[in-house]
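*Asks:* Sending over data-v4.cif (mmCIF, C-alpha atoms).
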```
data_entry
loop_
_atom_site.group_PDB
_atom_site.id
_atom_site.type_symbol
_atom_site.label_atom_id
_atom_site.label_comp_id
_atom_site.auth_asym_id
_atom_site.auth_seq_id
_atom_site.Cartn_x
_atom_site.Cartn_y
_atom_site.Cartn_z
ATOM 1 C CA MET B 1 10.805 -2.611 5.181
ATOM 2 C CA SER B 2 7.590 -3.726 3.571
ATOM 3 C CA TRP B 3 6.222 -2.516 0.268
ATOM 4 C CA ALA B 4 2.674 -3.240 -0.975
ATOM 5 C CA ALA B 5 1.684 -4.809 2.346
ATOM 6 C CA HIS B 6 1.261 -1.268 3.679
ATOM 7 C CA ASP B 7 -1.212 -0.547 0.841
ATOM 8 C CA LEU B 8 -3.249 -3.737 1.263
ATOM 9 C CA GLU B 9 -3.461 -4.397 5.016
ATOM 10 C CA PRO B 10 -6.050 -1.644 5.697
ATOM 11 C CA TYR B 11 -8.482 -3.189 3.173
ATOM 12 C CA LEU B 12 -8.245 -6.539 4.968
ATOM 13 C CA PHE B 13 -8.991 -4.825 8.280
ATOM 14 C CA ARG B 14 -12.027 -3.172 6.730
ATOM 15 C CA ALA B 15 -13.168 -6.492 5.221
ATOM 16 C CA LYS B 16 -12.826 -8.239 8.589
ATOM 17 C CA LEU B 17 -13.992 -5.508 10.977
ATOM 18 C CA GLY B 18 -16.561 -3.747 8.772
ATOM 19 C CA ALA B 19 -17.929 -0.412 9.956
ATOM 20 C CA ARG B 20 -15.560 -0.342 12.932
ATOM 21 C CA ILE B 21 -12.861 0.667 10.440
ATOM 22 C CA SER B 22 -12.582 3.886 8.452
ATOM 23 C CA LEU B 23 -10.634 2.751 5.412
ATOM 24 C CA VAL B 24 -9.171 6.177 4.672
ATOM 25 C CA TRP B 25 -7.930 6.746 8.239
ATOM 26 C CA CYS B 26 -6.520 3.234 8.385
ATOM 27 C CA LEU B 27 -4.628 3.920 5.135
ATOM 28 C CA ILE B 28 -3.321 7.218 6.556
ATOM 29 C CA GLY B 29 -2.129 5.302 9.612
ATOM 30 C CA SER B 30 -0.499 2.667 7.450
ATOM 31 C CA TYR B 31 1.304 5.254 5.318
ATOM 32 C CA SER B 32 2.209 7.702 8.080
ATOM 33 C CA PRO B 33 5.470 6.158 9.419
ATOM 34 C CA ASP B 34 7.118 6.427 5.971
ATOM 35 C CA LEU B 35 5.388 9.591 4.816
ATOM 36 C CA LEU B 36 8.168 12.031 5.666
ATOM 37 C CA THR B 37 11.156 9.687 5.782
ATOM 38 C CA LYS B 38 11.279 7.177 2.939
ATOM 39 C CA TRP B 39 12.334 9.623 0.211
ATOM 40 C CA ALA B 40 15.382 10.545 2.275
ATOM 41 C CA VAL B 41 16.243 6.896 2.918
ATOM 42 C CA TYR B 42 16.255 6.095 -0.805
ATOM 43 C CA GLY B 43 17.999 9.267 -1.896
ATOM 44 C CA PHE B 44 17.746 10.764 -5.356
ATOM 45 C CA GLY B 45 17.619 8.741 -8.539
ATOM 46 C CA PHE B 46 16.339 5.277 -9.342
ATOM 47 C CA SER B 47 18.963 3.135 -11.045
ATOM 48 C CA HIS B 48 21.816 5.435 -10.051
ATOM 49 C CA HIS B 49 21.507 5.935 -6.341
ATOM 50 C CA ASP B 50 22.550 9.347 -4.966
ATOM 51 C CA ALA B 51 22.489 9.149 -1.195
ATOM 52 C CA ILE B 52 21.145 12.045 0.861
ATOM 53 C CA LEU B 53 21.958 10.684 4.300
ATOM 54 C CA SER B 54 25.196 9.253 5.662
ATOM 55 C CA ASP B 55 23.284 6.640 7.688
ATOM 56 C CA PRO B 56 19.816 6.039 6.181
ATOM 57 C CA VAL B 57 19.156 2.978 8.364
ATOM 58 C CA GLN B 58 19.720 4.909 11.587
ATOM 59 C CA PHE B 59 17.579 7.778 10.270
ATOM 60 C CA HIS B 60 14.701 5.525 9.184
ATOM 61 C CA ARG B 61 14.460 3.198 12.178
ATOM 62 C CA GLY B 62 16.793 4.483 14.872
ATOM 63 C CA TRP B 63 17.079 7.046 17.638
ATOM 64 C CA PRO B 64 18.513 9.633 17.317
ATOM 65 C CA GLY B 65 16.729 9.797 13.976
ATOM 66 C CA ALA B 66 13.146 9.515 12.708
ATOM 67 C CA GLY B 67 12.783 5.910 13.866
ATOM 68 C CA PHE B 68 10.245 7.055 16.467
ATOM 69 C CA THR B 69 7.720 7.185 13.600
ATOM 70 C CA HIS B 70 7.963 3.380 13.473
ATOM 71 C CA THR B 71 6.951 2.826 17.100
ATOM 72 C CA PRO B 72 3.671 2.063 18.895
ATOM 73 C CA PHE B 73 4.375 5.148 21.027
ATOM 74 C CA TRP B 74 4.125 7.414 17.972
ATOM 75 C CA GLY B 75 0.982 5.605 16.778
ATOM 76 C CA PHE B 76 -0.742 6.133 20.132
ATOM 77 C CA ALA B 77 0.423 9.769 20.330
ATOM 78 C CA VAL B 78 -1.011 10.672 16.901
ATOM 79 C CA THR B 79 -4.158 8.685 17.710
ATOM 80 C CA GLY B 80 -4.620 10.868 20.799
ATOM 81 C CA VAL B 81 -4.307 14.017 18.688
ATOM 82 C CA ILE B 82 -6.837 12.684 16.137
ATOM 83 C CA LEU B 83 -9.271 11.825 18.943
ATOM 84 C CA LEU B 84 -8.823 15.252 20.486
ATOM 85 C CA LEU B 85 -9.399 17.091 17.202
ATOM 86 C CA THR B 86 -12.154 14.989 15.607
ATOM 87 C CA LYS B 87 -13.866 13.325 18.629
ATOM 88 C CA ASN B 88 -14.329 10.364 16.286
ATOM 89 C CA ARG B 89 -13.287 7.075 17.932
ATOM 90 C CA THR B 90 -13.602 5.080 14.712
ATOM 91 C CA TRP B 91 -11.222 7.403 12.875
ATOM 92 C CA ALA B 92 -8.728 7.351 15.760
ATOM 93 C CA PHE B 93 -8.865 3.553 16.151
ATOM 94 C CA SER B 94 -8.515 3.093 12.382
ATOM 95 C CA TYR B 95 -5.421 5.299 12.299
ATOM 96 C CA LEU B 96 -3.939 3.363 15.217
ATOM 97 C CA LEU B 97 -4.590 -0.004 13.598
ATOM 98 C CA GLY B 98 -2.962 1.106 10.336
ATOM 99 C CA ALA B 99 0.073 2.549 12.139
ATOM 100 C CA ILE B 100 0.559 -0.518 14.356
ATOM 101 C CA ALA B 101 0.214 -2.825 11.331
ATOM 102 C CA HIS B 102 2.990 -0.856 9.620
ATOM 103 C CA VAL B 103 5.233 -1.152 12.671
ATOM 104 C CA LEU B 104 4.633 -4.902 13.013
ATOM 105 C CA SER B 105 5.187 -5.502 9.282
ATOM 106 C CA ASP B 106 8.493 -3.641 9.427
ATOM 107 C CA SER B 107 9.592 -5.696 12.437
ATOM 108 C CA LEU B 108 9.892 -8.649 10.053
ATOM 109 C CA ASP B 109 13.051 -7.308 8.361
ATOM 110 C CA SER B 110 16.608 -7.335 9.692
ATOM 111 C CA VAL B 111 16.554 -3.855 11.234
ATOM 112 C CA GLY B 112 13.145 -3.971 12.890
ATOM 113 C CA VAL B 113 11.481 -1.298 15.014
ATOM 114 C CA MET B 114 11.889 0.206 18.493
ATOM 115 C CA MET B 115 8.876 -1.454 20.107
ATOM 116 C CA LEU B 116 9.532 -0.058 23.594
ATOM 117 C CA PHE B 117 10.431 3.506 22.601
ATOM 118 C CA PRO B 118 10.782 5.929 24.432
ATOM 119 C CA PHE B 119 11.777 3.621 27.291
ATOM 120 C CA SER B 120 14.277 1.666 25.203
ATOM 121 C CA THR B 121 15.882 1.802 21.763
ATOM 122 C CA TRP B 122 15.932 -2.008 21.540
ATOM 123 C CA HIS B 123 14.883 -3.178 18.071
ATOM 124 C CA MET B 124 12.348 -5.958 17.702
ATOM 125 C CA HIS B 125 13.429 -7.660 14.479
ATOM 126 C CA PHE B 126 12.589 -11.065 13.098
ATOM 127 C CA GLY B 127 15.032 -10.907 10.172
ATOM 128 C CA LEU B 128 12.838 -12.741 7.683
ATOM 129 C CA TRP B 129 14.382 -10.568 4.970
ATOM 130 C CA GLU B 130 17.298 -8.146 4.803
ATOM 131 C CA TYR B 131 16.765 -4.389 5.050
ATOM 132 C CA VAL B 132 18.281 -2.905 1.878
ATOM 133 C CA GLY B 133 16.724 0.581 1.803
ATOM 134 C CA GLU B 134 20.144 2.210 2.131
ATOM 135 C CA ALA B 135 21.064 0.915 -1.365
ATOM 136 C CA GLY B 136 18.334 2.954 -3.091
ATOM 137 C CA ARG B 137 14.959 2.102 -4.537
ATOM 138 C CA ALA B 138 16.013 -0.126 -7.452
ATOM 139 C CA LYS B 139 18.259 -2.432 -5.417
ATOM 140 C CA ASP B 140 15.750 -2.467 -2.564
ATOM 141 C CA ALA B 141 13.096 -3.625 -5.048
ATOM 142 C CA VAL B 142 15.383 -6.434 -6.214
ATOM 143 C CA ALA B 143 16.182 -7.410 -2.620
ATOM 144 C CA TYR B 144 12.600 -7.265 -1.415
ATOM 145 C CA TYR B 145 10.867 -9.062 -4.273
ATOM 146 C CA THR B 146 13.449 -11.844 -4.572
ATOM 147 C CA SER B 147 13.252 -12.536 -0.825
ATOM 148 C CA LEU B 148 10.478 -13.416 1.637
ATOM 149 C CA GLY B 149 9.456 -9.737 1.556
ATOM 150 C CA GLY B 150 7.733 -10.321 -1.771
ATOM 151 C CA VAL B 151 6.021 -13.374 -0.313
ATOM 152 C CA TRP B 152 4.701 -11.194 2.529
ATOM 153 C CA ASP B 153 3.176 -8.796 -0.053
ATOM 154 C CA ALA B 154 1.727 -11.680 -2.058
ATOM 155 C CA PHE B 155 0.195 -13.151 1.102
ATOM 156 C CA TRP B 156 -1.858 -9.993 1.717
ATOM 157 C CA ALA B 157 -2.763 -9.679 -1.976
ATOM 158 C CA LEU B 158 -4.043 -13.244 -2.206
ATOM 159 C CA TRP B 159 -5.990 -12.981 1.051
ATOM 160 C CA LEU B 160 -7.617 -9.739 -0.101
ATOM 161 C CA LEU B 161 -8.734 -11.384 -3.356
ATOM 162 C CA ARG B 162 -11.341 -13.257 -1.308
ATOM 163 C CA TYR B 163 -13.011 -9.919 -0.628
ATOM 164 C CA TRP B 164 -12.939 -8.514 -4.188
ATOM 165 C CA ARG B 165 -16.588 -7.508 -3.927
ATOM 166 C CA MET B 166 -15.626 -4.743 -1.508
ATOM 167 C CA PHE B 167 -14.239 -2.827 -4.501
ATOM 168 C CA THR B 168 -17.584 -2.671 -6.318
ATOM 169 C CA VAL B 169 -19.646 0.490 -6.666
ATOM 170 C CA THR B 170 -22.488 -1.297 -4.885
ATOM 171 C CA TYR B 171 -20.324 -1.969 -1.813
ATOM 172 C CA PHE B 172 -19.115 1.620 -1.827
ATOM 173 C CA ARG B 173 -22.668 3.004 -1.983
ATOM 174 C CA ASP B 174 -24.379 0.545 0.364
ATOM 175 C CA GLU B 175 -21.690 -0.273 2.935
ATOM 176 C CA LEU B 176 -18.774 2.132 2.935
ATOM 177 C CA TYR B 177 -20.401 5.519 2.314
ATOM 178 C CA PRO B 178 -23.139 5.227 4.971
ATOM 179 C CA SER B 179 -20.783 3.860 7.629
ATOM 180 C CA ASP B 180 -18.053 6.529 7.493
ATOM 181 C CA PRO B 181 -18.795 10.290 7.682
ATOM 182 C CA PHE B 182 -15.522 10.925 5.858
ATOM 183 C CA TRP B 183 -17.247 10.154 2.546
ATOM 184 C CA SER B 184 -20.212 12.502 3.065
ATOM 185 C CA TRP B 185 -17.694 15.195 4.023
ATOM 186 C CA MET B 186 -15.724 14.504 0.834
ATOM 187 C CA HIS B 187 -18.925 14.469 -1.209
ATOM 188 C CA ARG B 188 -19.365 18.171 -0.395
ATOM 189 C CA PHE B 189 -16.355 18.884 -2.610
ATOM 190 C CA THR B 190 -16.387 16.215 -5.280
ATOM 191 C CA GLY B 191 -18.388 13.497 -7.039
ATOM 192 C CA GLU B 192 -18.546 9.733 -6.832
ATOM 193 C CA THR B 193 -15.855 9.123 -9.480
ATOM 194 C CA VAL B 194 -13.210 10.898 -7.419
ATOM 195 C CA MET B 195 -14.392 9.241 -4.191
ATOM 196 C CA LEU B 196 -14.189 5.805 -5.807
ATOM 197 C CA THR B 197 -10.694 6.683 -7.001
ATOM 198 C CA VAL B 198 -9.594 7.616 -3.494
ATOM 199 C CA TYR B 199 -11.165 4.430 -2.163
ATOM 200 C CA ARG B 200 -9.678 2.034 -4.717
ATOM 201 C CA THR B 201 -6.276 3.449 -5.670
ATOM 202 C CA SER B 202 -4.154 2.006 -2.850
ATOM 203 C CA ALA B 203 -5.465 -1.512 -3.456
ATOM 204 C CA PHE B 204 -5.120 -1.150 -7.219
ATOM 205 C CA PHE B 205 -1.567 0.127 -6.756
ATOM 206 C CA GLY B 206 -0.838 -2.761 -4.388
ATOM 207 C CA TYR B 207 -1.755 -5.386 -6.975
ATOM 208 C CA ALA B 208 -0.179 -3.545 -9.932
ATOM 209 C CA SER B 209 3.051 -2.946 -8.032
ATOM 210 C CA ILE B 210 3.429 -6.543 -6.806
ATOM 211 C CA ILE B 211 2.945 -7.946 -10.325
ATOM 212 C CA GLY B 212 4.970 -5.148 -11.932
ATOM 213 C CA TRP B 213 7.897 -5.357 -9.537
ATOM 214 C CA TYR B 214 8.066 -9.148 -9.803
ATOM 215 C CA ILE B 215 8.213 -8.923 -13.612
ATOM 216 C CA TRP B 216 10.753 -6.099 -13.517
ATOM 217 C CA VAL B 217 12.944 -7.747 -10.882
ATOM 218 C CA LEU B 218 12.985 -11.224 -12.460
ATOM 219 C CA ALA B 219 12.724 -10.495 -16.196
ATOM 220 C CA ILE B 220 13.972 -6.948 -16.890
ATOM 221 C CA ASN B 221 16.546 -6.186 -14.223
ATOM 222 C CA ASP B 222 19.891 -8.025 -14.501
ATOM 223 C CA PHE B 223 21.134 -7.481 -10.929
ATOM 224 C CA HIS B 224 20.593 -10.751 -8.984
ATOM 225 C CA PRO B 225 17.318 -11.680 -10.727
ATOM 226 C CA HIS B 226 16.866 -14.890 -8.717
ATOM 227 C CA LEU B 227 14.352 -15.809 -6.031
ATOM 228 C CA ASP B 228 15.858 -16.672 -2.658
ATOM 229 C CA TRP B 229 13.236 -17.515 -0.073
ATOM 230 C CA SER B 230 15.717 -18.516 2.588
ATOM 231 C CA PHE B 231 15.593 -16.866 6.012
ATOM 232 C CA GLY B 232 17.313 -13.437 5.970
ATOM 233 C CA ALA B 233 17.812 -13.239 2.181
ATOM 234 C CA PRO B 234 19.130 -11.669 0.053
ATOM 235 C CA HIS B 235 22.592 -12.622 1.185
ATOM 236 C CA TRP B 236 24.412 -10.417 -1.358
ATOM 237 C CA ALA B 237 23.354 -7.341 0.626
ATOM 238 C CA PRO B 238 25.452 -6.140 3.573
ATOM 239 C CA ARG B 239 23.938 -7.119 6.909
ATOM 240 C CA GLN B 240 21.963 -4.264 8.502
ATOM 241 C CA GLY B 241 20.447 -3.961 11.936
ATOM 242 C CA PRO B 242 21.167 -5.329 15.387
ATOM 243 C CA ARG B 243 23.102 -8.595 15.641
ATOM 244 C CA MET P 1 -38.217 -8.263 -33.726
ATOM 245 C CA ASN P 2 -36.543 -4.893 -34.096
ATOM 246 C CA ASP P 3 -32.844 -4.040 -34.593
ATOM 247 C CA ALA P 4 -32.345 -2.959 -30.996
ATOM 248 C CA GLU P 5 -33.333 -6.396 -29.721
ATOM 249 C CA GLU P 6 -31.030 -8.195 -32.185
ATOM 250 C CA ALA P 7 -27.928 -6.082 -31.562
ATOM 251 C CA PRO P 8 -25.575 -7.923 -29.199
ATOM 252 C CA ASP P 9 -24.210 -5.995 -26.254
ATOM 253 C CA ARG P 10 -20.523 -5.629 -27.119
ATOM 254 C CA ARG P 11 -19.603 -3.807 -23.941
ATOM 255 C CA LEU P 12 -17.055 -5.483 -21.688
ATOM 256 C CA HIS P 13 -17.817 -7.412 -18.547
ATOM 257 C CA PRO P 14 -16.667 -5.148 -15.690
ATOM 258 C CA VAL P 15 -14.239 -7.770 -14.343
ATOM 259 C CA VAL P 16 -12.619 -8.094 -17.786
ATOM 260 C CA TYR P 17 -12.461 -4.307 -18.049
ATOM 261 C CA TRP P 18 -10.615 -3.930 -14.722
ATOM 262 C CA LEU P 19 -8.231 -6.786 -15.544
ATOM 263 C CA ILE P 20 -7.337 -4.910 -18.753
ATOM 264 C CA VAL P 21 -6.764 -1.729 -16.733
ATOM 265 C CA LEU P 22 -4.569 -3.704 -14.312
ATOM 266 C CA ALA P 23 -2.581 -5.118 -17.257
ATOM 267 C CA ILE P 24 -2.058 -1.568 -18.580
ATOM 268 C CA ALA P 25 -0.885 -0.407 -15.135
ATOM 269 C CA VAL P 26 1.533 -3.346 -14.889
ATOM 270 C CA ALA P 27 2.854 -2.712 -18.416
ATOM 271 C CA LEU P 28 3.436 0.967 -17.622
ATOM 272 C CA GLY P 29 5.120 0.006 -14.364
ATOM 273 C CA VAL P 30 7.419 -2.579 -15.895
ATOM 274 C CA SER P 31 8.449 -0.218 -18.701
ATOM 275 C CA ALA P 32 9.027 2.746 -16.361
ATOM 276 C CA PRO P 33 9.080 1.657 -12.703
ATOM 277 C CA ALA P 34 10.563 4.969 -11.600
ATOM 278 C CA PHE P 35 7.347 6.683 -12.713
ATOM 279 C CA PHE P 36 4.529 4.162 -12.274
ATOM 280 C CA LEU P 37 5.502 1.799 -9.442
ATOM 281 C CA LEU P 38 6.115 4.317 -6.690
ATOM 282 C CA GLY P 39 2.821 4.753 -4.887
ATOM 283 C CA PHE P 40 -0.688 6.161 -4.550
ATOM 284 C CA TRP P 41 -0.132 9.463 -6.355
ATOM 285 C CA GLU P 42 1.482 7.887 -9.420
ATOM 286 C CA MET P 43 -1.381 5.392 -9.795
ATOM 287 C CA ALA P 44 -4.285 7.744 -8.992
ATOM 288 C CA PRO P 45 -4.574 9.388 -12.473
ATOM 289 C CA LEU P 46 -4.952 5.998 -14.173
ATOM 290 C CA VAL P 47 -7.529 4.777 -11.634
ATOM 291 C CA LEU P 48 -9.448 8.058 -11.963
ATOM 292 C CA PHE P 49 -9.524 7.783 -15.759
ATOM 293 C CA ALA P 50 -10.506 4.104 -15.634
ATOM 294 C CA THR P 51 -13.265 4.777 -13.080
ATOM 295 C CA TRP P 52 -14.653 7.596 -15.247
ATOM 296 C CA LEU P 53 -14.515 5.456 -18.399
ATOM 297 C CA ALA P 54 -15.943 2.273 -16.851
ATOM 298 C CA PRO P 55 -19.691 3.074 -17.167
ATOM 299 C CA LYS P 56 -19.187 3.882 -20.862
ATOM 300 C CA LEU P 57 -17.395 0.652 -21.759
ATOM 301 C CA THR P 58 -18.833 -1.974 -19.445
ATOM 302 C CA ARG P 59 -22.104 -3.795 -18.875
ATOM 303 C CA GLY P 60 -23.275 -2.625 -15.485
ATOM 304 C CA HIS P 61 -20.574 -1.570 -13.088
ATOM 305 C CA LEU P 62 -18.045 -3.070 -10.759
#
```
Let me see the file written as structure tokens.
*Replies:*
Amino acid sequence: MSWAAHDLEPYLFRAKLGARISLVWCLIGSYSPDLLTKWAVYGFGFSHHDAILSDPVQFHRGWPGAGFTHTPFWGFAVTGVILLLTKNRTWAFSYLLGAIAHVLSDSLDSVGVMMLFPFSTWHMHFGLWEYVGEAGRAKDAVAYYTSLGGVWDAFWALWLLRYWRMFTVTYFRDELYPSDPFWSWMHRFTGETVMLTVYRTSAFFGYASIIGWYIWVLAINDFHPHLDWSFGAPHWAPRQGPR
Amino acid sequence: MNDAEEAPDRRLHPVVYWLIVLAIAVALGVSAPAFFLLGFWEMAPLVLFATWLAPKLTRGHL
């Protein structure tokens, strides 16, 4: 699975594609595959992992299970519903782009995603890093940020730095607000401070979490606090996914 | 020359201000990752407070 990449990718799409992207709908698309499933995968607790599911990997990415949420099929299906309800092509396309980006990002780990669902349950998986979600949030953080997963997050964070001006109030007022009716709709209920918060929080969280997790994993945590950027790391974790 | 012209503007540059806010968020996250490094909803209160406070503490806005 990917971590902060899901928070940062939509901002890059907005920076590259401009008014063709609704940032909020792209973020919803990017978050949607994990929205109702990730808490169950991790189970209760942080350091002491209390599992909820007997097979979290199958539940998260497989079928039978909720793995259909990590497929292009699901992305297109929800996009159709959004188009039907809102008649807004930009919102629908933005959702689709966010959802597909999530699916492709998650195909980089050892479990991967069912790209051809519902016609096949074959998993497309590149195995750049090991899927360790079944071990709980703390161990998954260690696994992800000591492996190439953390590099994947850092890649998006560094690329997005080039477009830092998109987080200014001026950009919000002159570019974002006029190009997406979502903001004028939101403005009926709240002021600019709250709108700016909604706009910026995912990116801010992305940067804070990458830096924070790296410090915690390498300097605070004492469970395998070593970087391993080899293909398929970390190798202390049991192998998950198709072989 | 009056006092108002001589008084230096001690307010922070907006970039410095947001880097300080980021450092606070990271410090909170490192000290309690189970509360501050989880996602959008855990970070939103800090970003809301920082966005509200920014015009009061910074020169111009970011």
*Asks:* Suppose you want the space between CA of Pro10 in chain B and CA of Val198 in chain B; what is it in Å?
*Replies:* 13.5 Å
*Asks:* Considering all atoms listed in the file, tabulate each residue of chain P that lies at most 6 Å from chain B along with its nearest interatomic pair and the corresponding distance in Å to one decimal; arrange the rows by chain and ascending residue number and present them as JSON lines.
*Replies:*
```
{"residue": "P:Val26", "atom": "CA", "partner": "B:Gly212", "partner_atom": "CA", "distance": 4.9}
{"residue": "P:Gly29", "atom": "CA", "partner": "B:Gly212", "partner_atom": "CA", "distance": 5.7}
{"residue": "P:Val30", "atom": "CA", "partner": "B:Gly212", "partner_atom": "CA", "distance": 5.3}
{"residue": "P:Leu37", "atom": "CA", "partner": "B:Ser209", "partner_atom": "CA", "distance": 5.5}
{"residue": "P:Phe40", "atom": "CA", "partner": "B:Ser202", "partner_atom": "CA", "distance": 5.7}
{"residue": "P:Ala44", "atom": "CA", "partner": "B:Thr201", "partner_atom": "CA", "distance": 5.8}
{"residue": "P:Val47", "atom": "CA", "partner": "B:Thr197", "partner_atom": "CA", "distance": 5.9}
{"residue": "P:Leu48", "atom": "CA", "partner": "B:Thr197", "partner_atom": "CA", "distance": 5.3}
{"residue": "P:Leu62", "atom": "CA", "partner": "B:Thr168", "partner_atom": "CA", "distance": 4.5}
```
*Asks:* On this file, the PyMOL selection byres ((chain P and resi 13) around 8) gives some set of residues; write that set as a list in words.
*Replies:*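 For this structure, the PyMOL selection byres ((chain P and resi 13) around 8) resolves to Arg11, Leu12, Pro14, Val15, Val16, Tyr17, Thr58, Arg59 and Gly60 of chain P.
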*Asks:* Ranking B:Gly133, B:Lys139, B:Ala154, B:Tyr199 by minimum distance to Phe172 in chain B and counting only C-alpha atoms, which one comes first?
*Replies:*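 Once distances to Phe172 in chain B are computed over only C-alpha atoms, the minimum belongs to B:Tyr199.
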*Asks:* Which distance in Å separates CA of Met114 in chain B and CA of Phe68 in chain B, to one decimal?
*Replies:*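 CA of Met114 in chain B sits 7.3 Å away from CA of Phe68 in chain B.
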*Asks:* Can you turn the PyMOL selection byres ((chain B and resi 11) around 9) into a concrete residue list for this file, as a ChimeraX atom specification?
*Replies:* /B:7-10,12-16,23,26-27,160,163,166,203
*Asks:* Determine the residue membership of the PyMOL selection byres ((chain B and resi 152) around 12) for the file above and supply it as a PyMOL selection string.
*Replies:* chain B and resi 1-6+8-9+105-106+108-109+128-129+144-151+153-159+210+229
*Asks:* With all atoms listed in the file as the counted atoms, please give the residues lying no more than 9 Å from Phe93 in chain B, apart from itself and same-chain residues fewer than 2 positions off, as a list in words.
*Replies:*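 Counting all atoms listed in the file, the residues come to Arg20, Ile21, Ser22, Trp25, Cys26, Thr79, Leu83, Asn88, Arg89, Thr90, Trp91, Tyr95, Leu96, Leu97 and Gly98 of chain B.
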*Asks:* Grab the CA of Phe182 in chain B to CA of Pro55 in chain P distance for me, in Å with one decimal place.
*Replies:* 24.7 Å
*Asks:* For Trp39 in chain B, which residue out of B:Ser120, B:Thr69, B:Glu134, B:Ile100 is the nearest one, using all atoms listed in the file?
*Replies:*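 Answer, going by the shortest atom-to-atom distance: B:Glu134.
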